[in-house]
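S.K.: My structure file start12.txt, compact mmCIF, C-alpha atoms and all ligand atoms, is below:
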# COMPACT_ATOMS: atom_id res chain seq x y z
CA MET A 45 0.00 0.00 0.00
CA GLU A 46 1.28 3.48 -0.83
CA LYS A 47 1.91 5.76 2.11
CA VAL A 48 0.00 9.06 1.98
CA ALA A 49 0.45 12.13 4.16
CA VAL A 50 -2.63 14.30 4.64
CA VAL A 51 -1.42 17.69 5.82
CA LEU A 52 -4.15 19.49 7.77
CA ILE A 53 -3.80 23.22 7.29
CA ARG A 54 -5.30 25.12 10.21
CA ASN A 55 -3.54 28.27 11.49
CA ASP A 56 -0.39 27.48 9.53
CA ARG A 57 -1.06 28.80 6.05
CA ARG A 58 2.52 29.25 4.87
CA LEU A 59 5.22 27.46 2.89
CA HIS A 60 8.26 28.81 4.74
CA ASP A 61 9.29 26.99 7.89
CA HIS A 62 6.39 24.54 7.63
CA GLU A 63 7.49 21.27 9.19
CA GLY A 64 4.35 19.37 8.21
CA LEU A 65 4.56 20.20 4.52
CA ALA A 66 8.30 19.44 4.55
CA LEU A 67 7.63 16.06 6.18
CA SER A 68 4.91 15.21 3.66
CA GLN A 69 7.57 15.12 0.95
CA SER A 70 9.05 11.95 2.43
CA PHE A 71 5.79 10.03 1.77
CA ASP A 72 4.85 8.29 -1.52
CA ARG A 73 1.99 10.76 -2.04
CA TYR A 74 0.57 13.71 -0.13
CA LEU A 75 -2.62 15.76 0.03
CA VAL A 76 -3.04 19.28 1.38
CA LEU A 77 -6.33 19.86 3.20
CA ALA A 78 -7.57 23.22 4.53
CA MET A 79 -9.65 23.28 7.72
CA LEU A 80 -11.92 25.90 9.24
CA PRO A 81 -11.69 26.77 12.96
CA PRO A 82 -13.81 24.44 15.12
CA GLN A 83 -15.95 27.41 16.25
CA TRP A 84 -17.00 28.20 12.66
CA ASP A 85 -20.70 27.41 13.05
CA GLU A 86 -21.14 29.34 16.29
CA PRO A 87 -22.12 32.91 15.31
CA SER A 88 -21.42 34.24 18.81
CA ARG A 89 -17.81 33.02 18.53
CA ILE A 90 -16.88 34.37 15.09
CA ALA A 91 -18.34 37.57 13.63
CA PRO A 92 -18.97 37.63 9.85
CA ALA A 93 -16.04 39.97 9.17
CA ARG A 94 -13.60 37.60 10.90
CA LYS A 95 -15.01 34.74 8.87
CA SER A 96 -14.32 36.66 5.64
CA PHE A 97 -10.83 37.41 6.89
CA ILE A 98 -10.14 33.69 7.45
CA GLN A 99 -11.64 32.79 4.08
CA SER A 100 -9.48 35.40 2.38
CA SER A 101 -6.43 33.86 4.07
CA ILE A 102 -7.38 30.39 2.77
CA ASN A 103 -7.79 31.86 -0.73
CA ALA A 104 -4.31 33.38 -0.47
CA PHE A 105 -2.83 30.08 0.70
CA ALA A 106 -4.45 28.21 -2.21
CA LYS A 107 -2.97 30.78 -4.61
CA GLY A 108 0.47 30.46 -3.00
CA LEU A 109 0.42 26.69 -3.60
CA GLY A 110 0.52 27.34 -7.35
CA PRO A 111 0.00 24.04 -9.22
CA ILE A 112 -0.48 21.98 -6.06
CA PRO A 113 -4.21 21.45 -5.45
CA LEU A 114 -5.64 22.50 -2.12
CA HIS A 115 -8.51 20.38 -0.81
CA PHE A 116 -11.36 21.41 1.40
CA THR A 117 -14.35 19.68 2.92
CA ARG A 118 -16.65 20.07 5.94
CA THR A 119 -16.69 16.28 6.33
CA THR A 120 -13.05 15.37 6.77
CA GLU A 121 -13.98 11.98 8.26
CA LEU A 122 -15.54 10.90 4.96
CA LEU A 123 -12.51 11.97 2.98
CA LEU A 124 -10.22 10.06 5.36
CA GLU A 125 -12.43 7.00 5.21
CA HIS A 126 -12.28 7.13 1.42
CA LEU A 127 -8.48 7.53 1.35
CA SER A 128 -7.86 4.85 3.99
CA LYS A 129 -9.44 2.23 1.73
CA ILE A 130 -6.75 2.84 -0.88
CA PHE A 131 -3.72 4.13 1.00
CA GLU A 132 -1.90 3.91 4.29
CA VAL A 133 -2.77 7.38 5.59
CA THR A 134 -0.97 9.52 8.17
CA LEU A 135 -2.40 12.86 9.29
CA ILE A 136 0.05 15.67 9.87
CA ALA A 137 -0.93 18.82 11.77
CA GLU A 138 0.91 21.69 13.42
CA ALA A 139 0.37 21.45 17.19
CA GLN A 140 -1.76 24.21 18.66
CA GLY A 141 -2.49 22.81 22.08
CA ALA A 142 -5.76 24.64 22.68
CA GLU A 143 -8.64 22.57 23.95
CA GLU A 144 -11.16 22.91 21.13
CA GLU A 145 -8.54 22.60 18.40
CA ASP A 146 -7.12 19.45 20.02
CA GLN A 147 -10.58 18.01 20.45
CA GLU A 148 -11.16 18.44 16.75
CA LEU A 149 -8.16 16.27 15.93
CA ARG A 150 -9.46 13.56 18.24
CA ARG A 151 -12.41 13.18 15.84
CA PHE A 152 -9.98 11.52 13.43
CA LYS A 153 -8.82 8.94 15.98
CA ASP A 154 -8.83 6.09 13.44
CA THR A 155 -6.00 7.68 11.45
CA PRO A 156 -2.45 7.95 12.86
CA LEU A 157 -1.59 11.55 13.69
CA HIS A 158 1.81 13.21 13.58
CA LEU A 159 1.98 16.60 15.32
CA THR A 160 4.69 19.03 14.33
CA ARG A 161 6.07 21.88 16.47
CA PRO A 162 3.81 24.85 17.14
CA ASN A 163 4.64 28.30 15.74
CA THR A 164 6.76 29.34 18.71
CA ILE A 165 10.27 30.73 19.05
CA PHE A 166 11.58 28.22 21.58
CA ASP A 167 11.04 24.50 22.00
CA ARG A 168 9.72 23.76 25.50
CA PRO A 169 11.53 26.46 27.49
CA GLU A 170 11.37 26.55 31.27
CA LEU A 171 8.13 28.19 32.39
CA SER A 172 7.64 30.78 35.11
CA PRO A 173 4.27 31.97 36.43
CA THR A 174 5.03 35.59 35.48
CA PHE A 175 6.66 37.19 32.45
CA THR A 176 9.86 38.79 33.76
CA PRO A 177 11.56 35.67 35.15
CA PHE A 178 10.43 33.75 32.06
CA ARG A 179 12.06 36.34 29.77
CA LYS A 180 15.25 36.54 31.84
CA LYS A 181 15.73 32.78 31.77
CA LEU A 182 15.13 32.68 28.04
CA GLU A 183 17.58 35.47 27.34
CA LYS A 184 20.22 33.88 29.55
CA PHE A 185 19.93 30.16 28.92
CA ALA A 186 17.67 29.33 25.97
CA LYS A 187 18.46 29.19 22.30
CA ALA A 188 15.83 30.27 19.78
CA SER A 189 14.91 27.59 17.23
CA ILE A 190 16.20 28.07 13.73
CA PRO A 191 13.42 28.54 11.17
CA GLY A 192 13.13 25.99 8.38
CA GLU A 193 13.57 26.80 4.70
CA ARG A 194 10.75 27.38 2.23
CA VAL A 195 9.14 24.06 1.31
CA PHE A 196 8.96 23.11 -2.37
CA LEU A 197 6.15 20.62 -2.93
CA ASP A 198 6.59 18.01 -5.64
CA PRO A 199 3.66 18.38 -8.08
CA GLU A 200 4.19 14.81 -9.36
CA ARG A 201 3.31 13.24 -6.01
CA ALA A 202 0.46 15.58 -5.06
CA LEU A 203 -2.88 13.77 -4.81
CA ASP A 204 -5.71 15.50 -6.61
CA LEU A 205 -9.27 14.54 -5.70
CA PRO A 206 -11.49 16.71 -7.90
CA GLU A 207 -14.61 16.23 -5.77
CA TYR A 208 -12.74 17.65 -2.75
CA ARG A 209 -10.79 20.33 -4.59
CA PHE A 210 -10.97 23.74 -2.89
CA GLN A 211 -13.09 26.35 -4.69
CA ARG A 212 -12.15 29.95 -3.98
CA PHE A 213 -14.32 31.65 -1.33
CA GLU A 214 -16.21 34.66 -2.70
CA VAL A 215 -14.68 37.24 -0.36
CA PRO A 216 -12.55 40.35 -0.92
CA THR A 217 -8.82 39.86 -1.35
CA LEU A 218 -7.22 41.55 1.65
CA ALA A 219 -3.76 43.06 1.93
CA THR A 220 -3.65 41.92 5.56
CA VAL A 221 -3.56 38.21 4.71
CA GLY A 222 -1.34 35.86 2.75
CA GLU A 223 2.25 34.73 3.08
CA SER A 224 3.65 37.07 0.44
CA ASN A 225 1.97 40.10 2.06
CA ALA A 226 3.23 38.89 5.44
CA ARG A 227 6.83 38.69 4.28
CA ALA A 228 6.58 42.05 2.53
CA ARG A 229 5.15 43.61 5.70
CA VAL A 230 7.96 42.22 7.86
CA ALA A 231 10.61 43.43 5.39
CA HIS A 232 9.04 46.90 5.21
CA TYR A 233 8.47 47.31 8.93
CA LEU A 234 11.89 46.11 10.03
CA GLU A 235 13.58 48.28 7.44
CA SER A 236 11.62 51.48 8.06
CA ASN A 237 10.11 51.43 11.53
CA LEU A 238 12.09 49.24 13.88
CA GLU A 239 13.98 52.17 15.36
CA SER A 240 10.86 54.15 16.24
CA TYR A 241 8.77 51.18 17.46
CA SER A 242 9.36 51.69 21.18
CA GLU A 243 8.13 55.32 20.95
CA THR A 244 5.08 54.69 18.77
CA ARG A 245 3.82 51.27 19.90
CA ASN A 246 1.37 52.74 22.40
CA TYR A 247 -0.43 55.07 19.99
CA LEU A 248 -4.15 54.45 19.77
CA GLU A 249 -4.08 54.59 16.02
CA ALA A 250 -1.48 55.40 13.38
CA GLN A 251 -0.14 53.74 10.28
CA ASP A 252 3.04 51.85 11.18
CA ALA A 253 2.90 52.77 14.87
CA SER A 254 3.11 49.05 15.50
CA SER A 255 4.10 46.17 13.29
CA ARG A 256 0.67 44.74 12.41
CA PHE A 257 2.30 41.32 12.31
CA SER A 258 -0.54 39.96 14.45
CA ASN A 259 -2.95 39.34 11.54
CA PHE A 260 -0.35 37.26 9.76
CA LEU A 261 0.70 35.43 12.91
CA ALA A 262 -2.93 34.59 13.72
CA ASN A 263 -3.25 32.83 10.36
CA GLY A 264 0.19 31.25 10.68
CA GLU A 265 1.18 32.95 7.43
CA ILE A 266 4.52 33.74 8.90
CA SER A 267 6.97 31.91 11.11
CA VAL A 268 7.52 33.63 14.44
CA ARG A 269 10.96 31.98 14.58
CA TRP A 270 11.87 33.79 11.37
CA ILE A 271 10.57 37.20 12.50
CA TYR A 272 12.42 36.88 15.81
CA GLN A 273 15.65 35.98 14.07
CA GLU A 274 15.27 38.93 11.66
CA ILE A 275 14.75 41.38 14.54
CA LEU A 276 17.72 40.05 16.52
CA ARG A 277 19.92 40.27 13.43
CA ARG A 278 19.13 43.99 13.15
CA ASP A 279 18.78 45.07 16.77
CA PRO A 280 18.92 42.46 19.57
CA ASP A 281 17.60 44.91 22.17
CA ASN A 282 14.63 46.12 20.21
CA TRP A 283 11.31 46.30 22.05
CA LEU A 284 9.57 44.39 19.27
CA ALA A 285 11.53 41.26 20.20
CA LEU A 286 10.28 41.69 23.75
CA GLU A 287 6.67 41.83 22.57
CA LEU A 288 7.17 38.59 20.67
CA LEU A 289 8.38 37.08 23.93
CA TRP A 290 5.05 38.07 25.48
CA ARG A 291 3.37 36.06 22.74
CA GLU A 292 5.78 33.24 23.51
CA PHE A 293 4.95 33.46 27.21
CA PHE A 294 1.24 32.94 26.58
CA TRP A 295 1.78 30.25 23.94
CA GLN A 296 4.06 28.27 26.21
CA HIS A 297 1.57 28.52 29.07
CA GLY A 298 -1.40 27.58 26.89
CA ALA A 299 -4.98 28.38 27.73
CA THR A 300 -6.39 26.73 30.82
CA PHE A 301 -9.82 27.96 31.81
CA ILE A 302 -13.44 27.23 31.03
CA LEU A 303 -15.33 29.49 28.65
CA PRO A 304 -18.68 30.88 29.86
CA SER A 305 -21.19 28.16 29.21
CA ARG A 306 -23.32 28.41 26.09
CA GLY A 307 -26.73 29.95 26.40
CA ARG A 308 -25.73 32.15 29.33
CA ASN A 309 -27.26 35.60 28.98
CA VAL A 310 -24.39 37.87 28.09
CA SER A 311 -26.24 40.59 26.20
CA GLY A 312 -26.94 44.15 27.27
CA TRP A 313 -23.47 45.12 28.45
CA GLU A 314 -22.74 47.18 25.35
CA LYS A 315 -25.36 49.72 26.49
CA LYS A 316 -23.26 50.33 29.60
CA LEU A 317 -20.31 51.84 27.72
CA SER A 318 -20.72 55.32 29.12
CA HIS A 319 -17.13 56.53 28.65
CA PRO A 320 -16.56 58.01 25.17
CA LEU A 321 -13.10 56.43 24.89
CA ALA A 322 -14.45 52.95 25.67
CA GLN A 323 -17.29 53.48 23.18
CA ALA A 324 -14.88 54.66 20.46
CA ILE A 325 -12.60 51.64 20.98
CA HIS A 326 -15.59 49.31 20.88
CA ASN A 327 -16.72 50.93 17.63
CA GLU A 328 -13.31 50.70 16.02
CA LEU A 329 -13.07 47.01 16.91
CA THR A 330 -16.47 46.04 15.52
CA ALA A 331 -15.92 48.14 12.38
CA THR A 332 -12.38 47.06 11.52
CA GLY A 333 -11.47 43.86 13.41
CA TYR A 334 -8.36 45.55 14.81
CA ILE A 335 -7.53 47.82 17.74
CA SER A 336 -4.11 48.75 19.11
CA ASN A 337 -2.59 47.06 22.14
CA ARG A 338 -3.24 50.17 24.25
CA SER A 339 -6.90 50.20 23.16
CA ARG A 340 -7.26 46.48 23.95
CA GLN A 341 -5.94 47.13 27.45
CA ILE A 342 -8.14 50.18 28.04
CA LEU A 343 -11.37 48.52 26.90
CA ALA A 344 -10.64 45.26 28.72
CA SER A 345 -9.89 47.13 31.95
CA TYR A 346 -13.01 49.28 31.56
CA LEU A 347 -15.27 46.26 30.98
CA ILE A 348 -13.86 44.35 33.93
CA TYR A 349 -13.50 47.11 36.52
CA GLU A 350 -16.05 49.79 35.55
CA VAL A 351 -18.83 47.80 33.86
CA GLY A 352 -18.30 44.78 36.13
CA LEU A 353 -18.38 42.34 33.22
CA ASP A 354 -17.06 38.80 33.65
CA TRP A 355 -13.64 38.86 31.94
CA LYS A 356 -14.57 35.71 30.01
CA ILE A 357 -17.44 37.53 28.32
CA GLY A 358 -15.11 40.38 27.37
CA GLY A 359 -12.62 37.83 26.03
CA ALA A 360 -15.33 36.15 23.97
CA PHE A 361 -16.30 39.54 22.50
CA TYR A 362 -12.68 40.08 21.40
CA GLU A 363 -12.58 36.53 20.07
CA ALA A 364 -15.57 37.16 17.84
CA HIS A 365 -14.29 40.41 16.37
CA LEU A 366 -10.49 40.51 16.39
CA HIS A 367 -9.18 39.37 13.03
CA ASP A 368 -5.90 38.52 14.73
CA TYR A 369 -7.66 36.48 17.42
CA ASP A 370 -5.17 34.12 18.98
CA VAL A 371 -6.50 31.72 21.57
CA PHE A 372 -3.48 31.92 23.89
CA VAL A 373 -2.65 35.62 23.50
CA ASN A 374 -6.22 36.80 23.84
CA TRP A 375 -7.16 34.73 26.86
CA GLY A 376 -3.75 35.21 28.46
CA ASN A 377 -4.06 38.99 28.27
CA TRP A 378 -7.60 38.95 29.63
CA GLN A 379 -6.50 36.86 32.59
CA TYR A 380 -3.57 39.22 33.14
CA ILE A 381 -5.73 42.37 33.17
CA ALA A 382 -8.39 40.70 35.32
CA GLY A 383 -5.68 39.66 37.80
CA VAL A 384 -6.67 36.02 37.54
CA LYS A 385 -3.24 34.85 36.45
CA PHE A 386 0.19 35.97 35.22
CA ASP A 387 0.25 39.48 36.76
CA PRO A 388 2.38 39.91 39.90
CA ARG A 389 0.41 43.11 40.63
CA GLY A 390 -2.90 41.25 40.60
CA GLY A 391 -4.57 42.97 37.64
CA ARG A 392 -4.55 46.26 35.74
CA ARG A 393 -7.14 48.95 36.30
CA PHE A 394 -6.76 51.95 33.99
CA ASN A 395 -8.15 55.43 34.63
CA LEU A 396 -9.88 56.21 31.34
CA ASP A 397 -9.79 60.00 31.79
CA LEU A 398 -6.02 59.85 32.25
CA GLN A 399 -5.65 57.47 29.30
CA GLN A 400 -7.66 59.86 27.16
CA GLU A 401 -5.54 62.82 28.28
CA LYS A 402 -2.36 60.95 27.47
CA TYR A 403 -3.24 59.15 24.24
CA ASP A 404 -6.03 61.24 22.70
CA PRO A 405 -5.51 64.77 24.09
CA GLU A 406 -7.19 66.49 21.11
CA GLY A 407 -10.08 64.02 21.02
CA THR A 408 -9.28 63.09 17.41
CA TYR A 409 -9.63 59.36 17.98
CA ILE A 410 -12.89 59.67 19.92
CA ARG A 411 -14.44 61.94 17.28
CA LYS A 412 -13.41 59.58 14.50
CA TRP A 413 -14.99 56.49 16.06
CA ALA A 414 -17.83 58.04 18.07
CA GLU A 415 -20.58 57.38 15.56
CA SER A 416 -19.59 54.10 13.88
C1 LIG A 501 -7.11 42.07 26.28
C2 LIG A 501 -6.14 41.82 25.17
C3 LIG A 501 -6.45 40.86 24.19
C4 LIG A 501 -5.55 40.60 23.15
N1 LIG A 501 -5.89 39.68 22.20
C5 LIG A 501 -5.01 39.37 21.22
C6 LIG A 501 -5.31 38.40 20.23
O1 LIG A 501 -6.35 37.76 20.24
N2 LIG A 501 -4.39 38.18 19.25
C7 LIG A 501 -3.19 38.83 19.22
O2 LIG A 501 -2.39 38.59 18.31
N3 LIG A 501 -2.88 39.73 20.16
C8 LIG A 501 -3.73 40.03 21.14
N4 LIG A 501 -3.39 40.96 22.09
C9 LIG A 501 -2.00 41.45 22.15
C10 LIG A 501 -1.69 42.74 21.38
O3 LIG A 501 -2.61 43.74 21.71
C11 LIG A 501 -1.69 42.52 19.86
O4 LIG A 501 -0.84 41.43 19.56
C12 LIG A 501 -1.16 43.72 19.11
O5 LIG A 501 -1.89 44.88 19.44
C13 LIG A 501 -1.24 43.45 17.62
O6 LIG A 501 -0.76 44.51 16.87
P1 LIG A 501 0.71 44.48 16.29
O7 LIG A 501 0.99 43.20 15.59
O8 LIG A 501 0.89 45.73 15.50
O9 LIG A 501 1.57 44.51 17.63
P2 LIG A 501 3.07 44.92 17.90
O10 LIG A 501 3.07 45.92 19.00
O11 LIG A 501 3.77 45.32 16.66
O12 LIG A 501 3.71 43.58 18.49
C14 LIG A 501 4.31 42.59 17.67
C15 LIG A 501 3.79 41.24 18.05
O13 LIG A 501 4.11 40.96 19.41
C16 LIG A 501 3.07 40.21 20.01
N5 LIG A 501 2.45 40.98 21.10
C17 LIG A 501 2.33 42.32 21.20
N6 LIG A 501 1.70 42.66 22.33
C18 LIG A 501 1.44 41.50 22.98
C19 LIG A 501 0.78 41.20 24.19
N7 LIG A 501 0.27 42.14 25.00
N8 LIG A 501 0.66 39.89 24.52
C20 LIG A 501 1.16 38.91 23.74
N9 LIG A 501 1.77 39.16 22.57
C21 LIG A 501 1.90 40.43 22.19
C22 LIG A 501 2.04 39.95 18.92
O14 LIG A 501 2.32 38.72 18.31
C23 LIG A 501 2.29 41.11 17.97
O15 LIG A 501 1.87 40.85 16.65
C24 LIG A 501 -4.30 41.28 23.13
C25 LIG A 501 -4.00 42.22 24.10
C26 LIG A 501 -4.92 42.50 25.10
C27 LIG A 501 -4.56 43.54 26.14
Please go through the file and, once you have read it, give me the structure as structure tokens.
Ligand SMILES: Cc1cc2nc3c(=O)[nH]c(=O)nc-3n(C[C@H](O)[C@H](O)[C@H](O)COP(=O)(O)OP(=O)(O)OC[C@H]3O[C@@H](n4cnc5c(N)ncnc54)[C@H](O)[C@@H]3O)c2cc1C
M.R.:
Amino acid sequence: MEKVAVVLIRNDRRLHDHEGLALSQSFDRYLVLAMLPPQWDEPSRIAPARKSFIQSSINAFAKGLGPIPLHFTRTTELLLEHLSKIFEVTLIAEAQGAEEEDQELRRFKDTPLHLTRPNTIFDRPELSPTFTPFRKKLEKFAKASIPGERVFLDPERALDLPEYRFQRFEVPTLATVGESNARARVAHYLESNLESYSETRNYLEAQDASSRFSNFLANGEISVRWIYQEILRRDPDNWLALELLWREFFWQHGATFILPSRGRNVSGWEKKLSHPLAQAIHNELTATGYISNRSRQILASYLIYEVGLDWKIGGAFYEAHLHDYDVFVNWGNWQYIAGVKFDPRGGRRFNLDLQQEKYDPEGTYIRKWAES
């Protein structure tokens, strides 16, 4: 029997530094299969704009594959059943470690599964409960992993099942998705803005104030190992490298908490946004799918400490709308601000008037987003 690798593409839509695709080339045949997030059919978990964003990313990945066919189905079990009658099948997936994503893989328990490394900078570093000791140990003792090369897939050995072939989603082509846009963004940002990053990163809104790598990282269109290496090569002490270590911190910890149960009444809180800055941030997020790090902190703090909202409901609101939603980074930050975990100071409560004075003294941001 011929050996076939089925590479499940989830949040790893790239060809550079892709261990699973590289491994698939050692099998007799291989098939590339795109998956949707497990929360896809739950409207309260993914807003329509984030769905389009993900679909646009899958379109871009299919385009990047060139002659290699991408496959797609909502009934992966049937496809695997079909293939297993003809071939010896192994599933390959990039590890993500989050509960729902892991559970999804368990659905395919009849097919052997090979998990490759997650998109992290370090392989199993020593953990600490808070960020600073974690970072210090990394900087002193750990060695960042070296990113893999670009994978070239052999068209001769690619399986092509016409009935499962991916058809392009009818959504706009976005500049904020796709591996080629991701690599161009990294090249541009590191060349032009790295020096000013530490001064501008806290702005509420400005082109190039921060890297905007998060959209690409959320889709796995870029290797974090590669970005980290590129930053260190230019400026080892740059603040941007430190922010990527925050991502690393949350990824290495994983997400360990229970989401608010389904059906719980979580509506009505949006009417309680009485501060104009909180309202403006809310409006920007629902209109664009992105808000700056400072805005995420301000709104999260406001919802937790002024509105009295359960932090898990706030986190679920961000999950639905943020295009760069990342299970570990989102929930890790919410726990940090709520003082549930990770923060040695036991949570972060921001004074919105002071934040407004500091970051929007002319009221430009509030006026722009007041009415959306
Ligand atoms: C409550 C809350 C929820 C958040 N939810 C998410 C989320 O779902 N997805 C997400 O990618 N980021 C999230 N962040 C982190 C951060 O706000 C975004 O990564 C950042 O604003 C994205 O813009 P950027 O890529 O231009 O960031 P930059 O400032 O350019 O940072 C570069 C990269 O460093 C990492 N990073 C930056 N800030 C943090 C941080 N506070 N924690 C962990 N990693 C960080 C991200 O990977 C980011 O892309 C959240 C922050 C808060 C306070």
S.K.: Around ligand LIG 501 (chain A), at most 8 Å away and counting all atoms listed in the file, which residues are there? Put them as number ranges by chain, please.
M.R.: A: 241, 245-246, 252-259, 261-262, 284-294, 334-344, 359, 362-363, 366-378, 381
S.K.: Could you turn the residues from that selection into a file that holds C-alpha atoms, as a CSV table (one decimal), in the frame of the given file?
M.R.:
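The resulting out38.csv:
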chain,number,residue,atom,x,y,z
A,241,TYR,CA,8.8,51.2,17.5
A,245,ARG,CA,3.8,51.3,19.9
A,246,ASN,CA,1.4,52.7,22.4
A,252,ASP,CA,3.0,51.8,11.2
A,253,ALA,CA,2.9,52.8,14.9
A,254,SER,CA,3.1,49.0,15.5
A,255,SER,CA,4.1,46.2,13.3
A,256,ARG,CA,0.7,44.7,12.4
A,257,PHE,CA,2.3,41.3,12.3
A,258,SER,CA,-0.5,40.0,14.4
A,259,ASN,CA,-3.0,39.3,11.5
A,261,LEU,CA,0.7,35.4,12.9
A,262,ALA,CA,-2.9,34.6,13.7
A,284,LEU,CA,9.6,44.4,19.3
A,285,ALA,CA,11.5,41.3,20.2
A,286,LEU,CA,10.3,41.7,23.8
A,287,GLU,CA,6.7,41.8,22.6
A,288,LEU,CA,7.2,38.6,20.7
A,289,LEU,CA,8.4,37.1,23.9
A,290,TRP,CA,5.0,38.1,25.5
A,291,ARG,CA,3.4,36.1,22.7
A,292,GLU,CA,5.8,33.2,23.5
A,293,PHE,CA,5.0,33.5,27.2
A,294,PHE,CA,1.2,32.9,26.6
A,334,TYR,CA,-8.4,45.6,14.8
A,335,ILE,CA,-7.5,47.8,17.7
A,336,SER,CA,-4.1,48.8,19.1
A,337,ASN,CA,-2.6,47.1,22.1
A,338,ARG,CA,-3.2,50.2,24.2
A,339,SER,CA,-6.9,50.2,23.2
A,340,ARG,CA,-7.3,46.5,24.0
A,341,GLN,CA,-5.9,47.1,27.4
A,342,ILE,CA,-8.1,50.2,28.0
A,343,LEU,CA,-11.4,48.5,26.9
A,344,ALA,CA,-10.6,45.3,28.7
A,359,GLY,CA,-12.6,37.8,26.0
A,362,TYR,CA,-12.7,40.1,21.4
A,363,GLU,CA,-12.6,36.5,20.1
A,366,LEU,CA,-10.5,40.5,16.4
A,367,HIS,CA,-9.2,39.4,13.0
A,368,ASP,CA,-5.9,38.5,14.7
A,369,TYR,CA,-7.7,36.5,17.4
A,370,ASP,CA,-5.2,34.1,19.0
A,371,VAL,CA,-6.5,31.7,21.6
A,372,PHE,CA,-3.5,31.9,23.9
A,373,VAL,CA,-2.6,35.6,23.5
A,374,ASN,CA,-6.2,36.8,23.8
A,375,TRP,CA,-7.2,34.7,26.9
A,376,GLY,CA,-3.8,35.2,28.5
A,377,ASN,CA,-4.1,39.0,28.3
A,378,TRP,CA,-7.6,39.0,29.6
A,381,ILE,CA,-5.7,42.4,33.2
S.K.: In Å, rounded to a single decimal, give me how far CA of Ala202 (chain A) is from CA of Leu75 (chain A).
M.R.: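 Between CA of Leu75 (chain A) and CA of Ala202 (chain A) the gap works out to 6.0 Å.
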S.K.: Residues at most 8 Å from region 393-407 of chain A, counting all atoms listed in the file, excluding those fewer than 3 positions away in the same chain, as JSON, numbers by chain?
M.R.: {"A": [247, 248, 319, 321, 322, 342, 345, 346, 349, 381, 410, 411]}
S.K.: Go ahead and compute the interatomic distance for CA of Asp56 (chain A) and CA of Tyr233 (chain A), in Å to one decimal.
M.R.: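 Between these atoms lies a distance of 21.7 Å.
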S.K.: Give me, as a PyMOL selection string, all polymer residues having an atom no more than 12 Å from Gly352 (chain A), counting all atoms listed in the file and skipping those fewer than 2 positions away in the same chain.
M.R.: chain A and resi 313-314+316-317+344-350+354-358+382+393
S.K.: Report, in Å to a single decimal, how far apart CA of Glu148 (chain A) and CA of Thr119 (chain A) are.
M.R.: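 Those two atoms sit 12.0 Å apart.
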S.K.: Write out as a PDB file with C-alpha atoms, in the frame of the given file each polymer residue whose atoms come within 12 Å of Glu86 (chain A), counting only C-alpha atoms; drop sequence neighbours fewer than 2 positions from it.
M.R.:
ATOM      1  CA  PRO A  81     -11.690  26.770  12.960  1.00  0.00           C
ATOM      2  CA  PRO A  82     -13.810  24.440  15.120  1.00  0.00           C
ATOM      3  CA  GLN A  83     -15.950  27.410  16.250  1.00  0.00           C
ATOM      4  CA  TRP A  84     -17.000  28.200  12.660  1.00  0.00           C
ATOM      5  CA  SER A  88     -21.420  34.240  18.810  1.00  0.00           C
ATOM      6  CA  ARG A  89     -17.810  33.020  18.530  1.00  0.00           C
ATOM      7  CA  ILE A  90     -16.880  34.370  15.090  1.00  0.00           C
ATOM      8  CA  ALA A  91     -18.340  37.570  13.630  1.00  0.00           C
ATOM      9  CA  PRO A  92     -18.970  37.630   9.850  1.00  0.00           C
ATOM     10  CA  LYS A  95     -15.010  34.740   8.870  1.00  0.00           C
ATOM     11  CA  ARG A 306     -23.320  28.410  26.090  1.00  0.00           C
ATOM     12  CA  GLY A 307     -26.730  29.950  26.400  1.00  0.00           C
ATOM     13  CA  ALA A 360     -15.330  36.150  23.970  1.00  0.00           C
ATOM     14  CA  GLU A 363     -12.580  36.530  20.070  1.00  0.00           C
ATOM     15  CA  ALA A 364     -15.570  37.160  17.840  1.00  0.00           C
TER      16      ALA A 364
END
S.K.: Could you give me, as number ranges by chain, the residues within 12 Å of Gly264 (chain A), counting only C-alpha atoms and dropping anything in the same chain fewer than 4 positions from it?
M.R.: A: 53-62, 98, 101-102, 105, 138-140, 162-164, 221-223, 226-227, 257-260, 268-270, 368-370
S.K.: Excluding region 179-186 of chain A and residues on its chain fewer than 6 positions from it, collect all residues at most 8 Å away from it, counting only C-alpha atoms, and give them as JSON, numbers by chain.
M.R.: {"A": [166, 169, 170, 289]}
S.K.: Could you check which of A:Ala66, A:His326, A:Arg229, A:Ala331 is closest to Glu193 (chain A), using only C-alpha atoms?
M.R.: A:Ala66
S.K.: Nearest to Thr155 (chain A) among A:Asn263, A:Ser128, A:Glu143, A:Arg118, with distances taken over all atoms listed in the file: which residue is it?
M.R.: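 Comparing A:Asn263, A:Ser128, A:Glu143, A:Arg118 against Thr155 (chain A), the winner is A:Ser128.
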S.K.: Name the closest residue to Asn103 (chain A) among the candidates A:Pro216, A:Gly298, A:Gly312, A:Pro280; distances are taken between atoms, counting all atoms listed in the file.
M.R.: A:Pro216
S.K.: For a quick check of understanding, using all atoms listed in the file, which of A:Trp295, A:Tyr409, A:Phe196, A:Phe175 has the smallest distance to Glu63 (chain A)?
M.R.: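 Ranking A:Trp295, A:Tyr409, A:Phe196, A:Phe175 by distance to Glu63 (chain A), first place goes to A:Phe196.
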S.K.: Just checking: using all atoms listed in the file, which residue out of A:Arg201, A:Lys153, A:Lys315, A:Arg392 ends up closest to Leu124 (chain A)?
M.R.: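 Closest to Leu124 (chain A) of all the choices is A:Lys153.
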S.K.: Which residue is closest to Pro111 (chain A)? Choose from A:Glu243, A:Asp198, A:Glu207, A:Glu265 and count only C-alpha atoms.
M.R.: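 Of A:Glu243, A:Asp198, A:Glu207, A:Glu265, the one nearest Pro111 (chain A), counting only C-alpha atoms, is A:Asp198.
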